[in-house]
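What follows is a set of notes on a single structure, which appears directly below.
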Amino acid sequence: MIELSHIEKRFGDNLVLKDISVTLAEGTVTALVGPSGGGKSTLLRCINLLEIPTSGSIRLGDEALDFQPGRKTGWQAIQRLRRQTGMVFQNFQLFPHQTALGNVMEGLVTVLKWPADKARARAMELLEKVGMAHKADAWPATLSGGQQQRVAIARALAPSPRVLLCDEPTSALDPELAEEVVEVLSRLAREGTTMVMATHDLRLASRVADKVVFLDGGVIVESGAPKTIFSTPERERTKKFIASLS
Ligand code: ADP
Ligand code: MG
């Protein structure tokens with residue numbers, strides 16, 4: 001379970017997350033939707049501490065951290081929490097000088113200090129899961145965007161994180177390639193992978209998410225089941241946003 005309580009994030013004078021409190025149950029998928037600049041990426045980056053919240057607290061499994069303005073968060077605590085998360089980015093960010101297999105093995109070998117054999121076996125298992133085992137020895141530049149993103153998903157899952165965070169995982173892809181990524185993500189969802197994803201893709205959100213959180217101006221405007229949020233939103237801001245997409 002992930003619990004965010006009263007999270008605020010400030011960049012200088014700009015308060016980009018305002019009193020965000022939300023609980024994400026284990027084994028569920030949460031989609032963060034809302035206009036550009038609403039704070040979706042920042043919220044994801046706060047969950048894995050790529051950004052340190054200005055205040056509030058995060059509980060992720062057995063790890064709990066409190067944040068206060070002006071108080072530095074210990075590096076070890078950051079690492080412990082970060083290791084419970086895996087992150088998938090819009091533009092894949094594979095290591096260009098490593099094969100698909102090398103990309104998935106990398107963190108296991110360098111961070112977790114697994115022996116190469118064990119890491120290779122685990123990486124192959126993950127590549128199999130995302131339908132990329134046949135491209136294990138391929139270089140990222142020779143793969144399509146959809147294939148690269150599937151390798152990135154395998155890489156993020158390799159250390160068995162408690163939660164997979166995805167920031168616009170299909171936004172850089174043509175519809176057809178997006179579809180193969182959506183299929184992988186929905187299979188992971190059915191298997192009980194806990195996920196939080198920021199997305200503009202309402203099709204992805206309605207297929208995969210158990211819960212939709214609509215974020216605008218750094219606040220949670222409303223949240224609920226995808227069907228409810230997409231077909232009968234309560235708030236004017238949500239209605240406008242949904243209408244603008246269709
Ligand atoms: P979204 O992902 O919903 O489009 P973001 O989280 O990227 O929204 O951005 C929310 C706000 O935070 C924007 O106003 C953006 O300019 C600001 N912001 C994001 N990252 C930084 C940063 N590193 N430094 C300063 N401002 C930032
Ligand atoms: Mg974003």
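Lettering and numbering for the structure tokens are positional, with chains as A, B, ... in the shown order, residues counted from 1 in each chain, and ligands counted from 1 in the shown order.
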
Using only C-alpha atoms, which protein or nucleic acid residues come within 7 Å of region 78-89 of chain A? Drop anything in the same chain fewer than 4 positions from it, and give the result as a list in words.
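Surrounding residues, per the criterion: Asn48, Leu49, Glu63, Gly74, Gln93, Ala152, Ile153, Ala156, Leu157, Pro161, Arg162, Val163, Leu164, Leu165, Cys166, Asp167, Glu168 and Pro169 of chain A.
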
Show me which residues are within 8 Å of ligand 2 counting only C-alpha atoms and all ligand atoms, and format the list as an MDAnalysis selection string.
chainID A and resid 36:37 39:42 167:168 198

Kindly assemble as a tab-separated table a list of the chain A residues that lie within 10 Å of ligand 1, each paired with its nearest atom pair and their distance in Å to one decimal, using only C-alpha atoms and all ligand atoms, sorted first by chain and then by ascending residue number.
residue	atom	partner	partner_atom_place_in_ligand_line	distance
A:Lys9	CA	ligand 1	12 (O)	8.6
A:Arg10	CA	ligand 1	26 (N)	8.0
A:Phe11	CA	ligand 1	25 (C)	4.9
A:Gly12	CA	ligand 1	25 (C)	7.4
A:Asp13	CA	ligand 1	25 (C)	9.4
A:Asn14	CA	ligand 1	26 (N)	7.1
A:Leu15	CA	ligand 1	12 (O)	7.7
A:Val16	CA	ligand 1	12 (O)	4.9
A:Leu17	CA	ligand 1	10 (C)	7.7
A:Leu32	CA	ligand 1	3 (O)	8.4
A:Val33	CA	ligand 1	3 (O)	7.6
A:Gly34	CA	ligand 1	3 (O)	6.4
A:Pro35	CA	ligand 1	3 (O)	6.1
A:Ser36	CA	ligand 1	4 (O)	3.6
A:Gly37	CA	ligand 1	8 (O)	3.4
A:Gly38	CA	ligand 1	3 (O)	3.8
A:Gly39	CA	ligand 1	6 (O)	3.3
A:Lys40	CA	ligand 1	3 (O)	3.7
A:Ser41	CA	ligand 1	2 (O)	3.7
A:Thr42	CA	ligand 1	6 (O)	3.7
A:Leu43	CA	ligand 1	6 (O)	6.4
A:Leu44	CA	ligand 1	6 (O)	8.1
A:Arg45	CA	ligand 1	6 (O)	8.2
A:Cys46	CA	ligand 1	6 (O)	9.7
A:Leu50	CA	ligand 1	23 (N)	9.9
A:Glu51	CA	ligand 1	23 (N)	8.0
A:Asp167	CA	ligand 1	2 (O)	7.9
A:Glu168	CA	ligand 1	2 (O)	8.5
A:Ala198	CA	ligand 1	2 (O)	7.3
A:Thr199	CA	ligand 1	2 (O)	8.8
A:His200	CA	ligand 1	3 (O)	9.5
A:Phe214	CA	ligand 1	3 (O)	9.9
A:Leu215	CA	ligand 1	3 (O)	7.4
A:Asp216	CA	ligand 1	3 (O)	7.5
A:Gly217	CA	ligand 1	10 (C)	7.7
A:Gly218	CA	ligand 1	10 (C)	7.1

Saved selection, atoms kept: N, CA and C atoms, as an mmCIF file, in the first residue's frame:
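Once written, result_7.cif looks like this:
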data_model
loop_
_atom_site.group_PDB
_atom_site.id
_atom_site.type_symbol
_atom_site.label_atom_id
_atom_site.label_comp_id
_atom_site.auth_asym_id
_atom_site.auth_seq_id
_atom_site.Cartn_x
_atom_site.Cartn_y
_atom_site.Cartn_z
ATOM 1 N N LYS A 9 4.689 20.256 -2.894
ATOM 2 C CA LYS A 9 5.976 20.428 -3.548
ATOM 3 C C LYS A 9 6.058 21.834 -4.108
ATOM 4 N N ARG A 10 7.130 22.493 -3.748
ATOM 5 C CA ARG A 10 7.344 23.874 -4.155
ATOM 6 C C ARG A 10 8.617 23.966 -4.975
ATOM 7 N N PHE A 11 8.548 24.645 -6.115
ATOM 8 C CA PHE A 11 9.760 25.015 -6.855
ATOM 9 C C PHE A 11 9.867 26.523 -6.733
ATOM 10 N N GLY A 12 10.738 27.018 -5.882
ATOM 11 C CA GLY A 12 10.813 28.462 -5.655
ATOM 12 C C GLY A 12 9.469 28.968 -5.140
ATOM 13 N N ASP A 13 8.895 29.936 -5.863
ATOM 14 C CA ASP A 13 7.610 30.505 -5.446
ATOM 15 C C ASP A 13 6.427 29.687 -5.943
ATOM 16 N N ASN A 14 6.739 28.694 -6.770
ATOM 17 C CA ASN A 14 5.675 27.960 -7.447
ATOM 18 C C ASN A 14 5.288 26.709 -6.656
ATOM 19 N N LEU A 15 4.096 26.751 -6.057
ATOM 20 C CA LEU A 15 3.607 25.591 -5.312
ATOM 21 C C LEU A 15 2.899 24.675 -6.300
ATOM 22 N N VAL A 16 3.547 23.606 -6.706
ATOM 23 C CA VAL A 16 2.992 22.799 -7.806
ATOM 24 C C VAL A 16 2.192 21.596 -7.322
ATOM 25 N N LEU A 17 2.379 21.182 -6.067
ATOM 26 C CA LEU A 17 1.489 20.176 -5.477
ATOM 27 C C LEU A 17 0.983 20.745 -4.164
ATOM 28 N N LEU A 32 -3.214 8.884 -13.180
ATOM 29 C CA LEU A 32 -3.236 10.322 -12.920
ATOM 30 C C LEU A 32 -3.546 10.991 -14.246
ATOM 31 N N VAL A 33 -4.649 11.716 -14.314
ATOM 32 C CA VAL A 33 -4.986 12.417 -15.551
ATOM 33 C C VAL A 33 -5.193 13.895 -15.238
ATOM 34 N N GLY A 34 -5.166 14.711 -16.302
ATOM 35 C CA GLY A 34 -5.390 16.133 -16.110
ATOM 36 C C GLY A 34 -4.545 16.937 -17.059
ATOM 37 N N PRO A 35 -4.819 18.241 -17.125
ATOM 38 C CA PRO A 35 -4.123 19.086 -18.092
ATOM 39 C C PRO A 35 -2.624 19.134 -17.851
ATOM 40 N N SER A 36 -1.909 19.442 -18.913
ATOM 41 C CA SER A 36 -0.476 19.618 -18.866
ATOM 42 C C SER A 36 -0.127 20.676 -17.820
ATOM 43 N N GLY A 37 0.895 20.421 -17.043
ATOM 44 C CA GLY A 37 1.292 21.369 -16.003
ATOM 45 C C GLY A 37 0.523 21.187 -14.703
ATOM 46 N N GLY A 38 -0.381 20.212 -14.674
ATOM 47 C CA GLY A 38 -1.212 20.000 -13.482
ATOM 48 C C GLY A 38 -0.483 19.380 -12.305
ATOM 49 N N GLY A 39 0.702 18.783 -12.579
ATOM 50 C CA GLY A 39 1.491 18.229 -11.478
ATOM 51 C C GLY A 39 1.622 16.706 -11.500
ATOM 52 N N LYS A 40 1.182 16.061 -12.583
ATOM 53 C CA LYS A 40 1.214 14.589 -12.645
ATOM 54 C C LYS A 40 2.645 14.049 -12.536
ATOM 55 N N SER A 41 3.545 14.588 -13.371
ATOM 56 C CA SER A 41 4.928 14.086 -13.349
ATOM 57 C C SER A 41 5.577 14.375 -12.009
ATOM 58 N N THR A 42 5.330 15.556 -11.490
ATOM 59 C CA THR A 42 5.933 15.921 -10.203
ATOM 60 C C THR A 42 5.450 14.971 -9.107
ATOM 61 N N LEU A 43 4.175 14.614 -9.147
ATOM 62 C CA LEU A 43 3.666 13.694 -8.137
ATOM 63 C C LEU A 43 4.338 12.324 -8.259
ATOM 64 N N LEU A 44 4.460 11.824 -9.486
ATOM 65 C CA LEU A 44 5.157 10.539 -9.678
ATOM 66 C C LEU A 44 6.591 10.631 -9.182
ATOM 67 N N ARG A 45 7.253 11.752 -9.528
ATOM 68 C CA ARG A 45 8.656 11.924 -9.137
ATOM 69 C C ARG A 45 8.804 12.089 -7.633
ATOM 70 N N CYS A 46 7.749 12.572 -6.976
ATOM 71 C CA CYS A 46 7.780 12.642 -5.505
ATOM 72 C C CYS A 46 7.633 11.252 -4.893
ATOM 73 N N LEU A 50 12.609 11.220 -6.844
ATOM 74 C CA LEU A 50 13.421 11.973 -7.803
ATOM 75 C C LEU A 50 13.249 13.450 -7.486
ATOM 76 N N GLU A 51 12.089 13.808 -6.938
ATOM 77 C CA GLU A 51 11.876 15.122 -6.321
ATOM 78 C C GLU A 51 11.550 14.869 -4.851
ATOM 79 N N ASP A 167 5.312 7.329 -16.411
ATOM 80 C CA ASP A 167 4.993 8.710 -16.770
ATOM 81 C C ASP A 167 4.715 8.798 -18.272
ATOM 82 N N GLU A 168 3.459 8.902 -18.641
ATOM 83 C CA GLU A 168 3.037 8.978 -20.053
ATOM 84 C C GLU A 168 3.677 7.864 -20.881
ATOM 85 N N ALA A 198 0.816 8.304 -15.045
ATOM 86 C CA ALA A 198 0.308 9.576 -15.566
ATOM 87 C C ALA A 198 0.030 9.352 -17.035
ATOM 88 N N THR A 199 -1.132 9.740 -17.505
ATOM 89 C CA THR A 199 -1.431 9.513 -18.918
ATOM 90 C C THR A 199 -2.476 10.477 -19.477
ATOM 91 N N HIS A 200 -2.294 10.774 -20.773
ATOM 92 C CA HIS A 200 -3.305 11.524 -21.511
ATOM 93 C C HIS A 200 -4.238 10.564 -22.214
ATOM 94 N N PHE A 214 -7.957 12.853 -10.922
ATOM 95 C CA PHE A 214 -7.884 14.011 -11.810
ATOM 96 C C PHE A 214 -7.169 15.148 -11.078
ATOM 97 N N LEU A 215 -6.012 15.514 -11.648
ATOM 98 C CA LEU A 215 -5.130 16.488 -11.012
ATOM 99 C C LEU A 215 -5.092 17.751 -11.866
ATOM 100 N N ASP A 216 -5.387 18.882 -11.268
ATOM 101 C CA ASP A 216 -5.328 20.151 -12.008
ATOM 102 C C ASP A 216 -4.850 21.239 -11.055
ATOM 103 N N GLY A 217 -3.871 22.008 -11.506
ATOM 104 C CA GLY A 217 -3.356 23.087 -10.665
ATOM 105 C C GLY A 217 -2.777 22.588 -9.356
ATOM 106 N N GLY A 218 -2.242 21.356 -9.377
ATOM 107 C CA GLY A 218 -1.585 20.838 -8.181
ATOM 108 C C GLY A 218 -2.525 20.328 -7.112
#

List every residue of region 96-201 of chain A that has an atom at most 6 Å from any atom of region 18-28 of chain A, and for each one report the closest atom pair and its distance in Å to one decimal, counting only C-alpha atoms, with rows sorted by chain and then by increasing residue number, as a tab-separated table.
residue	atom	partner	partner_atom	distance
A:Gly192	CA	A:Gly27	CA	4.5
A:Thr193	CA	A:Gly27	CA	5.3
A:Thr194	CA	A:Gly27	CA	4.4

Residues as selected, N, CA and C atoms, written as an mmCIF file, in the first residue's frame, can you do that?
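The new file out.cif reads:
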data_model
loop_
_atom_site.group_PDB
_atom_site.id
_atom_site.type_symbol
_atom_site.label_atom_id
_atom_site.label_comp_id
_atom_site.auth_asym_id
_atom_site.auth_seq_id
_atom_site.Cartn_x
_atom_site.Cartn_y
_atom_site.Cartn_z
ATOM 1 N N GLY A 192 -1.810 -8.347 -11.106
ATOM 2 C CA GLY A 192 -1.766 -7.769 -9.761
ATOM 3 C C GLY A 192 -0.605 -6.830 -9.499
ATOM 4 N N THR A 193 0.064 -6.358 -10.560
ATOM 5 C CA THR A 193 1.144 -5.384 -10.372
ATOM 6 C C THR A 193 0.537 -4.055 -9.898
ATOM 7 N N THR A 194 1.082 -3.508 -8.846
ATOM 8 C CA THR A 194 0.634 -2.204 -8.378
ATOM 9 C C THR A 194 1.258 -1.136 -9.275
#

Sel. of alpha helix (DSSP H) residues, region 5-156 of chain A, as a PyMOL selection string
chain A and resi 40-47+75-82+100-110+116-129+145-156

Residue among A:Arg187, A:Asn91, A:Pro115, A:Arg71 lying closest to Gln148 (chain A), counting only C-alpha atoms:
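Looking only at the distances to Gln148 (chain A), the closest residue turns out to be A:Asn91.
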
Shell of 9 Å around region 131-144 of chain A, only C-alpha atoms, local chain residues under 4 positions omitted, as a list in words:
Leu94, Phe95, Pro96, His97, Gln98, Thr99, Ala100, Leu101, Gly102, Met124, Glu125, Leu126, Leu127, Gln148, Gln149, Arg150, Val151, Ala154, Leu177 and Val184 of chain A
